[in-house]
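Worksheet: one structure, shown below.
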Amino acid sequence: MTRLVYDGSFEGFLTCVFEIYERRLQLAEIVRATLFQPLLEEEVLRIAAAANKAERVWSGLKRKISRESRNDVFKTFLSELPDMERHLLEFIGNAFQSPESVEKDFSNRATLYVSQTARKVHREKHRMEAFVRFQRTSDDIYYASIEPDFNVLPLIIKHFKDRYADQHWIIYDRKRAYGIRYHHDSGAVEEIQIKFEENLTGTFLPESAVAEEEPHYQQLWQQYFSSVNISPRKNTKLHVRHVPLRYWRYLTEKRNK
Amino acid sequence: MFCLVDAILQAFEAVMVWERVQEKLSILSDAAKYDVSCASSGSNRKNTNKGLGNSSGSGICHTYTEDGRCVSLLKILLTNYCIYDCLYCVSRKSNDIKRAGFTVQEVVDLTIGFYRRNYIEGLFLSSGIFKNPDYTMERLVRVAKKLRTEHRFNGYIHLKTIPGCSEELMKEAALYADRLSVNIELPSEQSLKSLAPEKKRADIIKPMKYLSENIQRFSHERKLIGNAPSFAPAGQSTQMVIGASPENDLQIMSIANALYKTYQLKRVYYSGFVPISNDNRLPKLGTPVPIIRENRLYQADWLLRFYKFSLKEIINEKFPQLDLDIDPKLSWALRNLDQFPVDINKADYEMILRIPGVGVSSALKIVHARKFRTLGWDELKRFGLAYSRAKHFIVCKDLHSMPRDLHEEKLRQAILGQSKYAKSLSPQFSLFA
Ligand code: SF4
């Protein structure tokens, strides 16, 4: 068994796939560096991400599977699940080997895994598009912090860029310690890292950091949320199914509740 | 010294303004909440030249109420003052409640403030009728116009059209709004007469017809000339109050079906009546809201629109009432056992969709996957269909020889006996699987 260790980037992962084919490795496993634990009696290859190699794998996939299915591959990768590399490697292998398209062969284990995992990630993306709550800061930035189950920031950029094109905004993933920031002047999104003061752990910014109107809007939204409720129809189970408890901490309407 | 007092007074006034808006919001969202429509889908408004917002494809539910309904729009009344006296409505003239009214600017600010914080997809604005229909409608239109022109707002706007307003105002509304709705209110003319004496069926149908004709004309023109103006691009919808009057489900579904066919409505919403007074023409206070019935109507509506069922198959003179214990799809299957079992590996997509326990997504997986190999139970289970229900209706690789009991009453009992069944009562999403 050969284990290929990479840096955790998508490019790094695809480079590993390239190496496996290039070196004709029969029994190989791809492991991201953060999960790597050395075992005895095995060969370990440290693989550095290489754009040209990754690109070759990706364009190879373009000939074999649809854009939709390639998106699924990327989404599965973003799931960061511990066994996703294994399934992706198998799926990509099937795609290269089979003369016909394998992406709809749901009775194949790898295909089903990729399609189901991609769906989970997609659902998380959709949730973030719904549950992000911006707070307007005193310097007119709309700031939101999130801690998604999967690494979905790359997937939500387009949505927020299209929608809030005339705003200056930041969405920050506190779990993965990076964020995306858009400025209406440049019209571009960049990746950023923020050093937070130690006491700043929650989702919400302290009153000293936000615009004067901000607490009022938060309060209005809370008012709205409680007014639209029809209490004879209360159904907590249904409510929690749609808004799982772990997301409550982002939500302005649940703040201080 | 003087300045200080001034400053304090100003700050005080600012707080007062916020508090007043909050009070209005509490009254006017409370009054609007019985209007069930929350959809923000069906429009495709791009954010051009760096304006604010867009609406595309399926709208987002930004949160859910504690009773489990989707919140995607800021849904409020402009005012709950009303000159009419519809019995089933909290805002009716004779009801002794707190009244309030927003200014046009207040609604605009709330919408923008909420939208920029990603609380909502847009605005759903309705109103009680003050002074007269045109006076009211004119203000609703002004809100939409301000949002679109002054704020370059491309989010979703749904306006209620006020029955009896002029065609010019309706036309203007359609230029700014994504969707317009005219509520049919009650399932029969008779009920309308007794419960909403000032409203006439004709006043409701006429604007529907007008909108339907123009929506089609404009969308046709837009296809020919790209930059022709848009006219309510997300179409029109309507709402019916269920359970305030004696109509059966057959009458209700027949109206819905006719509205879909005749006026190309995008959605018909069914709103289970929440008792609000002790008037003896209405269900008494404390009568439970017909939540299950409402859910069955939505499911039936869904079958009509997405599962290619005809009205007659779902409900007819022989079965004029939807079954409350089981969903209408299962109900149909039990009445038509001669069409089962269905061979998963051979039947066409439409028939597979009709199998109880199989939803759209598992049906699609089945028809794709069976091209590669004959499907057995192992595969089916992984596609997420509900075995305990579906097994009674399926033939697949492994289930050929299974003895099955295709007797209506026995099957019904067997399925009803299963845990969880019939518990999933979502008002908006039909759960067939
Ligand atoms: S016209 Fe509308 S707001 Fe006025 S009482 Fe009738 S339903 Fe209520």
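Just so we're on the same page: first chain in the structure tokens is A, next is B, and so on; residues restart at 1 for each chain, and ligands are numbered from 1 in the order they show up.
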**OP:** Select the residues contacting ligand 1 at a distance of at most 12 Å, based on only C-alpha atoms and all ligand atoms, then format the selection as a PyMOL selection string.
**Re:** chain B and resi 28+31-32+34-35+76-95+99+126-133+136+160-164+182-186+192+195-200+204+239-241
Original post:
Got a sec to pull out which chain A residues are within 8 Å of chain B, counting only C-alpha atoms, and send them as number ranges by chain?
Top reply: A: 104-107, 129-136, 142, 162-166, 184, 216-217, 220-221, 223-236, 238-239, 242-243
**OP:** Would you work out the distance separating CA of Ala144 (chain B) from CA of His183 (chain A), expressed in Å to one decimal?
**Re:**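 Spanning CA of Ala144 (chain B) to CA of His183 (chain A) is a straight-line distance of 27.3 Å.
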Original post:
DSSP on the backbone: what in region 170-294 of chain B comes out alpha helix (DSSP H), as an MDAnalysis selection string?
Top reply: chainID B and resid 170:176 189:195 201:224 249:263 291:294
Original post:
In terms of the shortest atom-to-atom distance over only C-alpha atoms, which of A:His159, A:Lys125, A:Lys237, A:Lys53 is closest to Thr15 (chain A)?
Top reply: A:Lys53
Original post:
Using only C-alpha atoms, which residue out of A:Glu147, A:Glu198, A:Glu68, A:Glu43 lies closest to Arg176 (chain A)?
Top reply: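 Of the candidates, the smallest distance to Arg176 (chain A) is held by A:Glu147.
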Original post:
CA of Lys98 (chain B) to CA of Lys24 (chain B): how many Å, to one decimal?
Top reply: 9.8 Å
